[in-house]
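K.L.:
Below you'll find final_35.cif; it's mmCIF, C-alpha atoms and all ligand atoms.
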```cif
data_start
#
loop_
_atom_site.label_atom_id
_atom_site.label_comp_id
_atom_site.auth_asym_id
_atom_site.auth_seq_id
_atom_site.Cartn_x
_atom_site.Cartn_y
_atom_site.Cartn_z
CA MET A 23 0.00 0.00 0.00
CA LYS A 24 1.21 3.50 -0.71
CA TYR A 25 -0.84 5.11 2.05
CA ASN A 26 0.36 5.58 5.63
CA PRO A 27 -0.97 3.23 8.35
CA ILE A 28 -4.49 4.01 9.57
CA ASN A 29 -5.28 4.13 13.28
CA PRO A 30 -6.92 0.70 13.97
CA ALA A 31 -9.21 2.41 16.51
CA LEU A 32 -11.36 3.23 13.46
CA PHE A 33 -11.88 -0.43 12.53
CA ILE A 34 -12.34 -1.52 16.15
CA LYS A 35 -15.09 1.06 16.55
CA ASN A 36 -16.72 0.18 13.22
CA ARG A 37 -16.94 -3.50 14.21
CA SER A 38 -18.29 -2.65 17.60
CA ASN A 39 -20.99 -0.44 16.03
CA PHE A 40 -21.92 -3.19 13.59
CA MET A 41 -22.07 -5.94 16.22
CA ALA A 42 -24.25 -3.78 18.47
CA GLN A 43 -26.95 -4.05 15.81
CA MET A 44 -26.83 -7.80 15.20
CA LYS A 45 -29.56 -10.16 16.38
CA PRO A 46 -28.86 -12.58 19.24
CA SER A 47 -27.09 -15.81 18.28
CA SER A 48 -25.93 -14.55 14.91
CA LEU A 49 -22.70 -14.18 13.01
CA ALA A 50 -21.81 -12.01 10.01
CA VAL A 51 -19.41 -12.79 7.18
CA PHE A 52 -17.61 -10.32 4.90
CA ASN A 53 -15.55 -11.36 1.89
CA SER A 54 -12.81 -9.52 0.05
CA ASN A 55 -13.12 -8.83 -3.67
CA ASP A 56 -11.72 -11.12 -6.32
CA ILE A 57 -8.73 -10.13 -8.39
CA PHE A 58 -10.29 -9.68 -11.81
CA LYS A 59 -8.72 -11.40 -14.80
CA THR A 60 -8.21 -9.68 -18.13
CA GLY A 61 -7.13 -12.83 -20.04
CA ALA A 62 -4.32 -15.43 -19.86
CA ASP A 63 -2.70 -14.79 -16.47
CA SER A 64 -3.12 -11.00 -16.61
CA THR A 65 -5.10 -9.29 -13.89
CA MET A 66 -6.46 -5.89 -13.01
CA PRO A 67 -4.98 -4.18 -9.96
CA PHE A 68 -6.65 -5.43 -6.77
CA LYS A 69 -9.33 -3.21 -5.26
CA GLN A 70 -10.56 -4.19 -1.83
CA HIS A 71 -14.28 -4.50 -1.11
CA ARG A 72 -15.17 -1.39 0.86
CA ASP A 73 -17.14 -3.21 3.55
CA ILE A 74 -14.45 -5.63 4.70
CA PHE A 75 -12.01 -2.72 4.58
CA TYR A 76 -14.35 -0.55 6.67
CA LEU A 77 -14.65 -3.29 9.29
CA SER A 78 -11.04 -4.53 9.37
CA GLY A 79 -8.59 -2.34 7.43
CA ALA A 80 -7.43 -5.54 5.68
CA ASP A 81 -6.49 -4.46 2.18
CA GLN A 82 -5.69 -7.84 0.69
CA GLU A 83 -7.38 -10.41 -1.56
CA ASP A 84 -8.57 -13.80 -0.23
CA THR A 85 -9.58 -12.39 3.14
CA ILE A 86 -12.70 -13.20 5.18
CA LEU A 87 -13.97 -11.46 8.30
CA VAL A 88 -16.38 -13.20 10.69
CA LEU A 89 -18.13 -11.27 13.48
CA PHE A 90 -19.94 -13.32 16.14
CA PRO A 91 -20.57 -11.05 19.15
CA ASP A 92 -22.10 -13.66 21.45
CA CYS A 93 -19.92 -16.59 20.51
CA PRO A 94 -19.34 -18.81 23.57
CA ASP A 95 -15.63 -18.80 22.73
CA PRO A 96 -14.47 -15.18 23.25
CA ALA A 97 -11.59 -15.77 20.82
CA HIS A 98 -14.15 -16.28 18.03
CA ARG A 99 -16.12 -13.06 18.47
CA GLU A 100 -13.97 -11.39 15.81
CA VAL A 101 -11.96 -13.57 13.43
CA LEU A 102 -9.99 -12.62 10.35
CA PHE A 103 -8.93 -15.25 7.83
CA VAL A 104 -6.01 -14.32 5.58
CA THR A 105 -3.99 -16.17 2.98
CA GLU A 106 -1.09 -18.08 4.44
CA THR A 107 2.29 -16.43 4.17
CA ASN A 108 5.82 -17.17 5.32
CA GLU A 109 9.31 -16.13 4.33
CA HIS A 110 9.41 -18.54 1.39
CA ILE A 111 6.02 -17.44 0.02
CA ALA A 112 7.05 -13.80 0.48
CA ILE A 113 9.95 -14.27 -1.95
CA TRP A 114 7.56 -15.39 -4.69
CA GLU A 115 4.38 -13.48 -3.91
CA GLY A 116 5.71 -10.33 -2.24
CA GLU A 117 4.79 -9.11 1.20
CA LYS A 118 1.39 -10.28 2.49
CA LEU A 119 -0.23 -9.87 5.89
CA THR A 120 1.40 -12.02 8.55
CA LYS A 121 -0.79 -12.91 11.55
CA GLU A 122 1.00 -10.24 13.61
CA LYS A 123 0.62 -7.59 10.92
CA ALA A 124 -3.06 -8.48 10.42
CA THR A 125 -3.65 -7.88 14.13
CA GLU A 126 -1.72 -4.60 14.00
CA VAL A 127 -3.76 -3.31 11.04
CA SER A 128 -7.19 -4.46 12.22
CA GLY A 129 -7.06 -4.68 16.01
CA ILE A 130 -8.41 -8.26 15.67
CA GLN A 131 -6.69 -10.74 17.99
CA THR A 132 -7.71 -14.00 16.29
CA ILE A 133 -6.15 -14.43 12.86
CA TYR A 134 -6.37 -17.77 11.04
CA TRP A 135 -5.06 -18.89 7.68
CA LEU A 136 -7.73 -19.08 5.01
CA LYS A 137 -7.08 -22.80 4.43
CA ASP A 138 -8.63 -23.45 7.87
CA PHE A 139 -11.80 -21.49 7.12
CA ASP A 140 -14.20 -24.40 6.46
CA LYS A 141 -13.35 -26.20 9.68
CA LYS A 142 -13.43 -23.12 11.91
CA PHE A 143 -16.55 -21.81 10.26
CA PHE A 144 -18.38 -25.12 10.77
CA GLU A 145 -17.66 -24.91 14.48
CA MET A 146 -18.97 -21.34 14.67
CA MET A 147 -22.06 -22.20 12.64
CA THR A 148 -22.98 -24.92 15.13
CA GLN A 149 -23.08 -22.20 17.79
CA CYS A 150 -25.40 -19.70 16.05
CA ASP A 151 -28.84 -19.55 14.46
CA THR A 152 -28.59 -16.65 12.02
CA VAL A 153 -26.02 -15.68 9.38
CA TYR A 154 -25.70 -12.12 8.05
CA PHE A 155 -24.89 -12.01 4.33
CA ASN A 156 -23.41 -8.92 2.73
CA THR A 157 -25.55 -8.46 -0.38
CA ASN A 158 -25.14 -5.29 -2.45
CA GLU A 159 -28.19 -3.04 -1.93
CA HIS A 160 -26.67 0.25 -3.09
CA TYR A 161 -29.30 2.29 -4.94
CA ARG A 162 -27.03 2.58 -7.99
CA GLN A 163 -25.72 -0.99 -8.03
CA ALA A 164 -25.94 -2.80 -11.35
CA VAL A 165 -23.34 -5.53 -11.00
CA GLU A 166 -23.95 -8.56 -13.19
CA MET A 167 -20.92 -10.65 -12.34
CA GLU A 168 -20.85 -13.17 -9.50
CA THR A 169 -18.68 -11.82 -6.69
CA ARG A 170 -16.74 -13.77 -4.09
CA GLU A 171 -19.50 -12.76 -1.68
CA ASP A 172 -22.17 -14.23 -4.00
CA ARG A 173 -20.26 -17.51 -4.27
CA PHE A 174 -19.90 -17.66 -0.52
CA ILE A 175 -23.62 -17.05 0.00
CA LYS A 176 -24.54 -19.84 -2.42
CA LYS A 177 -22.18 -22.30 -0.77
CA CYS A 178 -23.22 -21.35 2.75
CA LYS A 179 -26.92 -21.73 1.99
CA ALA A 180 -26.29 -25.15 0.48
CA GLN A 181 -24.22 -26.34 3.44
CA TYR A 182 -26.29 -24.77 6.21
CA PRO A 183 -29.92 -24.79 5.01
CA ALA A 184 -31.39 -24.85 8.53
CA HIS A 185 -29.96 -21.46 9.57
CA SER A 186 -31.84 -18.18 9.20
CA TYR A 187 -30.36 -15.40 7.11
CA ALA A 188 -30.17 -11.67 7.66
CA LYS A 189 -28.86 -8.67 5.71
CA SER A 190 -25.78 -6.65 6.60
CA ALA A 191 -26.56 -3.98 4.00
CA PRO A 192 -29.06 -1.87 5.99
CA ILE A 193 -26.69 -1.73 8.98
CA LEU A 194 -23.69 -0.80 6.84
CA GLN A 195 -25.64 1.73 4.78
CA ARG A 196 -26.38 3.67 7.94
CA LEU A 197 -23.02 3.23 9.67
CA ARG A 198 -20.86 4.09 6.68
CA ALA A 199 -22.93 7.20 5.94
CA VAL A 200 -21.80 8.82 9.20
CA LYS A 201 -18.08 9.45 9.08
CA ASP A 202 -15.73 9.12 12.05
CA PRO A 203 -13.19 11.95 12.58
CA ILE A 204 -10.45 9.54 11.43
CA GLU A 205 -12.37 9.09 8.18
CA ILE A 206 -12.89 12.83 7.76
CA ASP A 207 -9.13 13.20 8.08
CA LEU A 208 -8.56 10.57 5.37
CA LEU A 209 -11.11 12.24 3.10
CA GLN A 210 -9.38 15.56 3.72
CA GLN A 211 -6.09 13.99 2.65
CA ALA A 212 -7.72 12.72 -0.55
CA CYS A 213 -9.13 16.21 -1.24
CA ASP A 214 -5.75 17.85 -0.52
CA ILE A 215 -4.08 15.57 -3.07
CA THR A 216 -6.78 16.49 -5.59
CA ASN A 217 -6.03 20.14 -4.83
CA ALA A 218 -2.34 19.61 -5.61
CA GLY A 219 -3.27 17.92 -8.89
CA PHE A 220 -5.58 20.77 -9.87
CA ARG A 221 -2.96 23.42 -9.12
CA ARG A 222 -0.43 21.52 -11.22
CA VAL A 223 -2.93 21.45 -14.09
CA LEU A 224 -3.60 25.20 -13.80
CA ASN A 225 0.12 25.71 -14.50
CA PHE A 226 0.14 23.23 -17.35
CA VAL A 227 -2.90 23.96 -19.52
CA LYS A 228 -2.46 26.02 -22.67
CA PRO A 229 -4.01 25.94 -26.15
CA GLY A 230 -3.15 22.78 -28.08
CA VAL A 231 -2.64 20.56 -25.05
CA GLN A 232 -4.37 17.17 -25.28
CA GLU A 233 -7.00 16.11 -22.77
CA TYR A 234 -4.99 12.95 -22.00
CA GLU A 235 -1.93 15.04 -21.18
CA ILE A 236 -3.99 16.78 -18.50
CA GLU A 237 -5.14 13.40 -17.18
CA ALA A 238 -1.47 12.35 -16.97
CA GLU A 239 -0.56 15.49 -14.99
CA TYR A 240 -3.21 14.66 -12.40
CA LEU A 241 -2.08 11.07 -12.09
CA HIS A 242 1.56 12.06 -11.72
CA GLU A 243 0.75 14.48 -8.90
CA PHE A 244 -1.61 12.01 -7.21
CA ILE A 245 0.79 9.07 -7.15
CA ARG A 246 3.74 11.10 -5.94
CA ARG A 247 1.57 12.05 -2.95
CA ARG A 248 0.81 8.43 -1.96
CA SER A 249 -2.59 8.36 -3.63
CA ASP A 250 -3.93 5.01 -4.87
CA GLY A 251 -4.72 6.81 -8.16
CA PHE A 252 -8.04 8.10 -9.45
CA ALA A 253 -11.09 7.52 -7.26
CA TYR A 254 -13.11 7.04 -10.50
CA THR A 255 -12.43 7.29 -14.21
CA PRO A 256 -11.61 10.97 -14.74
CA ILE A 257 -13.50 13.26 -17.12
CA ILE A 258 -11.31 15.76 -18.98
CA ALA A 259 -13.79 17.31 -21.35
CA SER A 260 -12.85 20.32 -23.46
CA GLY A 261 -15.32 22.40 -25.47
CA GLY A 262 -18.51 20.56 -26.39
CA ASN A 263 -17.27 17.29 -24.84
CA ALA A 264 -18.36 18.74 -21.50
CA ASN A 265 -21.95 18.20 -22.57
CA VAL A 266 -21.48 14.44 -22.65
CA LEU A 267 -21.95 13.86 -18.94
CA HIS A 268 -19.90 10.67 -18.75
CA TYR A 269 -17.24 11.61 -21.30
CA ILE A 270 -14.13 9.59 -20.43
CA GLU A 271 -12.34 9.31 -23.78
CA ASN A 272 -10.06 12.25 -22.90
CA ASN A 273 -8.46 12.10 -26.35
CA GLN A 274 -9.12 15.50 -27.93
CA PRO A 275 -6.98 18.64 -28.23
CA CYS A 276 -7.97 21.67 -26.14
CA HIS A 277 -8.62 24.72 -28.32
CA ASP A 278 -7.99 28.38 -27.63
CA GLY A 279 -11.21 30.01 -26.39
CA ASP A 280 -12.76 26.76 -25.13
CA LEU A 281 -13.38 25.70 -21.56
CA ILE A 282 -12.32 22.35 -20.05
CA LEU A 283 -14.62 20.61 -17.59
CA MET A 284 -12.58 18.32 -15.35
CA ASP A 285 -14.30 15.88 -12.99
CA VAL A 286 -11.36 14.28 -11.20
CA GLY A 287 -10.65 13.00 -7.70
CA ALA A 288 -7.72 11.34 -5.99
CA GLN A 289 -8.25 8.26 -3.87
CA TYR A 290 -6.24 7.99 -0.67
CA ALA A 291 -6.26 4.91 1.57
CA ASN A 292 -9.35 3.71 -0.31
CA TYR A 293 -11.16 6.98 0.49
CA ALA A 294 -12.45 8.96 -2.49
CA SER A 295 -12.58 12.62 -3.34
CA ASP A 296 -14.86 13.93 -6.07
CA MET A 297 -14.07 17.32 -7.60
CA SER A 298 -15.28 19.18 -10.68
CA ARG A 299 -13.66 22.37 -11.94
CA THR A 300 -14.06 24.17 -15.26
CA ILE A 301 -11.22 26.31 -16.57
CA PRO A 302 -10.46 28.32 -19.74
CA VAL A 303 -7.89 26.74 -22.09
CA ASN A 304 -6.17 30.10 -22.67
CA GLY A 305 -6.34 31.26 -19.06
CA ARG A 306 -9.15 33.85 -19.51
CA PHE A 307 -12.91 33.37 -19.42
CA THR A 308 -15.02 35.25 -21.98
CA ASP A 309 -17.80 37.42 -20.54
CA ARG A 310 -20.41 34.83 -21.49
CA GLN A 311 -18.41 31.95 -20.01
CA LYS A 312 -17.89 33.98 -16.84
CA ALA A 313 -21.60 34.78 -16.52
CA VAL A 314 -22.58 31.11 -16.76
CA TYR A 315 -19.71 30.08 -14.50
CA ASN A 316 -20.72 32.50 -11.76
CA ALA A 317 -24.35 31.36 -12.01
CA VAL A 318 -23.22 27.76 -11.37
CA LEU A 319 -20.97 28.93 -8.53
CA ARG A 320 -23.83 30.82 -6.84
CA VAL A 321 -26.04 27.73 -7.03
CA LYS A 322 -23.25 25.63 -5.53
CA ASN A 323 -22.70 28.08 -2.68
CA GLU A 324 -26.40 28.42 -1.89
CA ALA A 325 -27.00 24.68 -2.14
CA THR A 326 -24.12 24.03 0.26
CA LYS A 327 -25.83 26.13 2.93
CA MET A 328 -28.76 23.70 2.88
CA LEU A 329 -26.55 20.72 3.80
CA VAL A 330 -27.46 20.76 7.48
CA PRO A 331 -28.83 18.14 9.88
CA GLY A 332 -32.49 17.43 9.16
CA THR A 333 -32.49 18.31 5.45
CA LEU A 334 -34.29 15.79 3.25
CA TRP A 335 -32.37 14.92 0.11
CA LYS A 336 -35.47 15.02 -2.10
CA GLU A 337 -36.69 18.39 -0.83
CA TYR A 338 -33.16 19.76 -1.10
CA HIS A 339 -33.16 18.89 -4.80
CA VAL A 340 -36.45 20.73 -5.27
CA GLU A 341 -34.93 23.83 -3.64
CA VAL A 342 -31.76 23.61 -5.74
CA GLY A 343 -34.00 23.35 -8.81
CA LYS A 344 -35.59 26.69 -7.84
CA LEU A 345 -32.16 28.32 -7.45
CA MET A 346 -31.09 26.99 -10.83
CA THR A 347 -34.33 28.13 -12.49
CA SER A 348 -33.75 31.65 -11.24
CA GLU A 349 -30.17 31.66 -12.58
CA LEU A 350 -31.26 30.31 -15.97
CA LEU A 351 -33.88 33.07 -16.21
CA GLY A 352 -31.13 35.60 -15.43
CA LEU A 353 -28.94 34.18 -18.18
CA GLY A 354 -31.78 34.30 -20.72
CA LEU A 355 -31.67 30.53 -21.15
CA LEU A 356 -35.25 30.15 -19.87
CA ASP A 357 -38.13 32.60 -19.98
CA GLN A 358 -41.17 32.93 -17.75
CA ALA A 359 -43.35 30.98 -20.18
CA ASP A 360 -40.95 28.01 -20.03
CA VAL A 361 -41.30 27.97 -16.27
CA GLN A 362 -45.07 28.53 -16.18
CA HIS A 363 -45.69 25.64 -18.55
CA GLU A 364 -43.10 23.30 -17.13
CA ASN A 365 -43.78 19.62 -16.49
CA PRO A 366 -43.49 19.15 -12.70
CA ASP A 367 -41.91 15.72 -13.32
CA TRP A 368 -39.20 17.24 -15.53
CA PRO A 369 -38.97 20.96 -14.67
CA ALA A 370 -37.70 23.43 -17.28
CA TYR A 371 -34.27 23.83 -15.65
CA LYS A 372 -33.52 20.16 -16.41
CA LYS A 373 -32.94 21.11 -20.05
CA TYR A 374 -29.60 22.58 -18.91
CA PHE A 375 -29.00 20.77 -15.60
CA MET A 376 -30.16 17.20 -15.93
CA HIS A 377 -28.32 15.37 -13.13
CA GLY A 378 -28.58 15.36 -9.34
CA THR A 379 -26.86 17.93 -7.16
CA SER A 380 -25.50 15.76 -4.36
CA HIS A 381 -24.61 12.20 -3.45
CA HIS A 382 -22.99 10.62 -0.41
CA MET A 383 -19.19 10.34 -0.73
CA GLY A 384 -16.68 8.30 1.24
CA LEU A 385 -15.05 4.92 0.69
CA ASP A 386 -17.11 4.75 -2.49
CA THR A 387 -17.41 7.84 -4.66
CA HIS A 388 -21.15 7.22 -4.70
CA ASP A 389 -21.15 6.12 -1.11
CA TYR A 390 -23.62 4.36 1.14
CA GLY A 391 -26.48 6.33 2.68
CA ILE A 392 -30.24 6.12 3.00
CA LEU A 393 -31.60 8.85 0.76
CA TRP A 394 -35.03 9.05 2.41
CA GLU A 395 -33.66 9.61 5.90
CA PRO A 396 -32.82 13.17 7.05
CA MET A 397 -29.23 14.33 6.69
CA GLN A 398 -27.18 14.12 9.86
CA ALA A 399 -23.86 15.34 11.23
CA GLY A 400 -20.97 13.32 9.84
CA ASN A 401 -22.58 12.75 6.44
CA VAL A 402 -20.35 13.76 3.54
CA PHE A 403 -22.06 14.98 0.37
CA THR A 404 -20.87 16.32 -2.94
CA VAL A 405 -22.44 19.55 -4.25
CA GLU A 406 -22.23 19.58 -8.02
CA PRO A 407 -24.52 21.83 -10.03
CA GLY A 408 -23.83 22.34 -13.71
CA ILE A 409 -25.13 24.15 -16.78
CA TYR A 410 -24.65 22.39 -20.12
CA LEU A 411 -24.91 24.37 -23.36
CA PRO A 412 -24.28 22.22 -26.45
CA ASP A 413 -25.42 25.08 -28.71
CA GLU A 414 -22.70 27.30 -27.27
CA GLY A 415 -20.00 24.61 -27.26
CA PHE A 416 -19.36 24.47 -23.54
CA GLY A 417 -20.60 23.06 -20.27
CA ILE A 418 -19.75 24.01 -16.70
CA ARG A 419 -19.86 21.90 -13.55
CA LEU A 420 -18.41 22.83 -10.17
CA GLU A 421 -18.21 20.18 -7.46
CA ASP A 422 -17.00 20.22 -3.87
CA ASP A 423 -17.20 17.65 -1.05
CA VAL A 424 -18.85 18.85 2.14
CA VAL A 425 -19.23 17.48 5.69
CA ILE A 426 -22.52 18.07 7.51
CA GLN A 427 -21.88 19.35 11.02
CA GLU A 428 -23.94 19.54 14.21
CA SER A 429 -23.31 23.30 14.35
CA GLY A 430 -25.24 23.72 11.09
CA GLU A 431 -22.18 25.18 9.34
CA PRO A 432 -21.26 22.80 6.47
CA PHE A 433 -17.51 22.09 6.33
CA ASN A 434 -16.07 22.21 2.83
CA LEU A 435 -13.25 19.67 2.40
CA MET A 436 -12.36 21.45 -0.86
CA ARG A 437 -12.23 24.97 0.60
CA ASP A 438 -8.58 25.36 -0.52
CA ILE A 439 -9.15 24.31 -4.13
CA PRO A 440 -9.33 27.44 -6.31
CA ILE A 441 -12.80 28.14 -7.67
CA GLU A 442 -13.29 31.91 -8.04
CA VAL A 443 -12.82 33.22 -11.61
CA ASP A 444 -10.17 35.75 -10.56
CA GLU A 445 -8.15 33.17 -8.65
CA ILE A 446 -8.20 30.71 -11.54
CA GLU A 447 -7.21 33.39 -14.07
CA THR A 448 -4.43 34.66 -11.81
CA LEU A 449 -2.99 31.18 -11.23
CA MET A 450 -3.17 30.31 -14.93
CA ASN A 451 -1.35 33.48 -15.91
CA SER A 452 1.34 33.56 -13.24
N1 LIG B 501 -17.48 11.86 -10.53
C1 LIG B 501 -18.69 11.22 -10.37
C2 LIG B 501 -19.71 12.11 -9.87
O1 LIG B 501 -19.51 13.32 -9.83
O2 LIG B 501 -20.75 11.70 -9.43
MN MN B 502 -17.57 14.21 -9.86
MN MN B 503 -20.04 13.56 -7.74
#
```
Translate the structure described by the file into structure tokens.
P.N.:
Amino acid sequence: MKYNPINPALFIKNRSNFMAQMKPSSLAVFNSNDIFKTGADSTMPFKQHRDIFYLSGADQEDTILVLFPDCPDPAHREVLFVTETNEHIAIWEGEKLTKEKATEVSGIQTIYWLKDFDKKFFEMMTQCDTVYFNTNEHYRQAVEMETREDRFIKKCKAQYPAHSYAKSAPILQRLRAVKDPIEIDLLQQACDITNAGFRRVLNFVKPGVQEYEIEAEYLHEFIRRRSDGFAYTPIIASGGNANVLHYIENNQPCHDGDLILMDVGAQYANYASDMSRTIPVNGRFTDRQKAVYNAVLRVKNEATKMLVPGTLWKEYHVEVGKLMTSELLGLGLLDQADVQHENPDWPAYKKYFMHGTSHHMGLDTHDYGILWEPMQAGNVFTVEPGIYLPDEGFGIRLEDDVVIQESGEPFNLMRDIPIEVDEIETLMNS
């Protein structure tokens, strides 16, 4: 791992919070991700499943966590199974978690080799009535492949048909949505690395540069700061490409007079950051670009103020829609008749701003959270309004990541990333 060690107090607390919500006489199982194959013996880089990471800090393939809070054997209340390693294996496979290191990372005292899983698990299953499975219930999930978790669930149901089953997802959705101060610090580090990448790019961009060269500048700055790389596939969209919301080709030249919409975030210690900035290729906004830019910025700033405990995500979006409508009227993009005759299911502003304003952010870029429950302190949301103008050859999105606080004052993790027109022009021309 490139990232610095994380205080295991985080994982100890996360497990304790999870176990406090389990039914009597139950255990919960969490599997790591597979290493995905690309063909022959080639593989994609390993990405740990966020849930086992959240509960153990174990950032390694072939790992299983079992939580069994009222196990009669106290040593089996928290058990981590990891792939066997020794000095000989280390020479061939590289460094893997030893039992001592696994305890140091996770705070779990009982570490077994994975080859002993079936036997140990059988013993634990004879002592409980219910098994928690970790199915994916994220509101955006659309995974078609069979995961390691899915295979485990199938096998477990076949071997232990007389047990009852329960779902980990609702517990994790709520727990992971409220960030611990250690997590806020990790998210801040991810945002700070993104800031460094953006500042590097402000110095680099000039007419004729290719979108992929900008992507490379970000990656260089991210990796040299111990980032794991991009938190998601970056969007470097110059000119009209900005109006393709999920543009990820990043293979076009940036022309004098155009804007570049960049939706880019560094990942640090598996924690995401999610930033959007829009800058002029030649270092100066035109008056029209500036007017639209400042309209988006005002919506972002006003929307941020609504990210307070108690706000309902759905109502918040209605309010942001009103702010955006007013800005679009000011820009002459909508007129009163458009608004009076609008379809309430697809209001007029959606012609220019067709995506949501905010999503939970954390270990996943689109993180866990229950959208119909009121916002609460410790939630982290993006704020990302945009105006997209294909007829004018540009689109603007501005996106920050914000922590909801008890005090009611939202805390912007991206407060140091330049966003004002003057600041961006000054930095690009210095
Ligand atoms: N970068 C993904 C998003 O903004 O939701
Ligand atoms: Mn984004
Ligand atoms: Mn986002």
K.L.:
Counting only C-alpha atoms, what is within 9 Å of range 324-337 of chain A, bar same-chain residues fewer than 4 positions away, as an MDAnalysis selection string?
P.N.:
chainID A and resid 319:320 341:342 345 379:381 393:399 401 403:405 407 424:432 434
K.L.:
Please produce, as a Markdown table, a per-residue contact table for chain A versus ligand MN 502 (chain B) (criterion: any atom at most 9 Å away, only C-alpha atoms and all ligand atoms considered), showing the nearest atom pair and its distance in Å to one decimal, sorted by chain then residue number.
P.N.:
```
| residue | atom | partner | partner_atom | distance |
| --- | --- | --- | --- | --- |
| A:Tyr254 | CA | B:MN502 | MN | 8.5 |
| A:Pro256 | CA | B:MN502 | MN | 8.4 |
| A:Ile257 | CA | B:MN502 | MN | 8.4 |
| A:Met284 | CA | B:MN502 | MN | 8.5 |
| A:Asp285 | CA | B:MN502 | MN | 4.8 |
| A:Val286 | CA | B:MN502 | MN | 6.4 |
| A:Gly287 | CA | B:MN502 | MN | 7.3 |
| A:Ser295 | CA | B:MN502 | MN | 8.4 |
| A:Asp296 | CA | B:MN502 | MN | 4.7 |
| A:Met297 | CA | B:MN502 | MN | 5.2 |
| A:Ser298 | CA | B:MN502 | MN | 5.5 |
| A:Thr387 | CA | B:MN502 | MN | 8.2 |
| A:Thr404 | CA | B:MN502 | MN | 8.0 |
| A:Glu406 | CA | B:MN502 | MN | 7.3 |
| A:Arg419 | CA | B:MN502 | MN | 8.8 |
| A:Leu420 | CA | B:MN502 | MN | 8.7 |
| A:Glu421 | CA | B:MN502 | MN | 6.5 |
| A:Asp422 | CA | B:MN502 | MN | 8.5 |
```
K.L.:
Show me, as a list in words, the residues that have an atom within 12 Å of Lys372 in chain A when counting all atoms listed in the file, minus same-chain residues fewer than 4 positions from it.
P.N.:
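In the requested format, the answer is His339, Val340, Val342, Gly343, Lys344, Met346, Thr347, Leu350, Leu355, Leu356, Asp360, Val361, Glu364, Asn365, Pro366, Asp367, Trp368, Met376, His377, Gly378, Thr379, Pro407, Gly408, Ile409, Tyr410 and Leu411 of chain A.
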K.L.:
Of the candidates A:Thr255, A:Asn323, A:Lys59, A:Lys373, which shows the shortest atom-to-atom distance to Phe433 in chain A, using all atoms listed in the file?
P.N.:
A:Asn323
K.L.:
Calculated over only C-alpha atoms, which of the candidates A:Met44, A:Arg221, A:Ala317, A:Asp357 has the smallest distance to Ala191 in chain A?
P.N.:
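Selected residue with least distance to Ala191 in chain A: A:Met44.
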K.L.:
Of the residues A:His363, A:Asn292, A:Gln82, A:Pro94, which is the one nearest to Thr120 in chain A, using all atoms listed in the file?
P.N.:
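Looking only at the distances to Thr120 in chain A, the closest residue turns out to be A:Gln82.
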K.L.:
Between CA of Gly261 in chain A and CA of Asp280 in chain A, what is the spacing in Å?
P.N.:
5.1 Å
K.L.:
List every protein, DNA or RNA residue that has at least one atom no more than 6 Å from (-11.5, -14.3, 0.9) in the file's coordinates, counting only C-alpha atoms, and write the result as a PyMOL selection string.
P.N.:
chain A and resi 53-54+84-86
K.L.:
For the residues in the current selection, export C-alpha atoms as a short mmCIF file (atom, residue, chain, number, x, y, z; two decimals), in the frame of the given file.
P.N.:
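File written: again.cif
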```cif
data_model
loop_
_atom_site.label_atom_id
_atom_site.label_comp_id
_atom_site.auth_asym_id
_atom_site.auth_seq_id
_atom_site.Cartn_x
_atom_site.Cartn_y
_atom_site.Cartn_z
CA ASN A 53 -15.55 -11.36 1.89
CA SER A 54 -12.81 -9.52 0.05
CA ASP A 84 -8.57 -13.80 -0.23
CA THR A 85 -9.58 -12.39 3.14
CA ILE A 86 -12.70 -13.20 5.18
#
```
K.L.:
Using all atoms listed in the file, can you list as a PyMOL selection string the residues within 8 Å of (-19.3, -12.4, 12.3)?
P.N.:
chain A and resi 48-52+87-91+99-101+154
K.L.:
As JSON, what would the box around ligand LIG 501 (chain B) look like: edges along x, y and z, 4 Å added on every side, centre and edge lengths in Å to one decimal?
P.N.:
```
{"center_x": -19.1, "center_y": 12.3, "center_z": -10.0, "size_x": 11.3, "size_y": 10.1, "size_z": 9.1}
```
K.L.:
I need the residue nearest ligand MN 503 (chain B) from this list: A:Tyr161, A:Val321, A:Leu267, A:Gly305. Use all atoms listed in the file for the distance.
P.N.:
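Using all atoms listed in the file, ligand MN 503 (chain B) sits closest to A:Leu267.
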K.L.:
Any idea what's packed within 12 Å of Ala184 in chain A, counting all atoms listed in the file, ignoring anything in its chain fewer than 6 positions away? Could you give it as a ChimeraX atom specification?
P.N.:
/A:147-148,150-153,178
K.L.:
Could you tell me how far CA of Leu385 in chain A sits from CA of Ile215 in chain A, in Å to one decimal place?
P.N.:
15.7 Å
K.L.:
With only C-alpha atoms as the basis for distance, which of A:Tyr187, A:Tyr269, A:Phe416, A:Phe103 is at the shortest distance from Tyr315 in chain A?
P.N.:
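Ranking A:Tyr187, A:Tyr269, A:Phe416, A:Phe103 by distance to Tyr315 in chain A, first place goes to A:Phe416.
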K.L.:
Counting only C-alpha atoms, which of A:Val318, A:Leu241, A:Ile133, A:Ile282 gets nearest to Ala97 in chain A?
P.N.:
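Closest to Ala97 in chain A of all the choices is A:Ile133.
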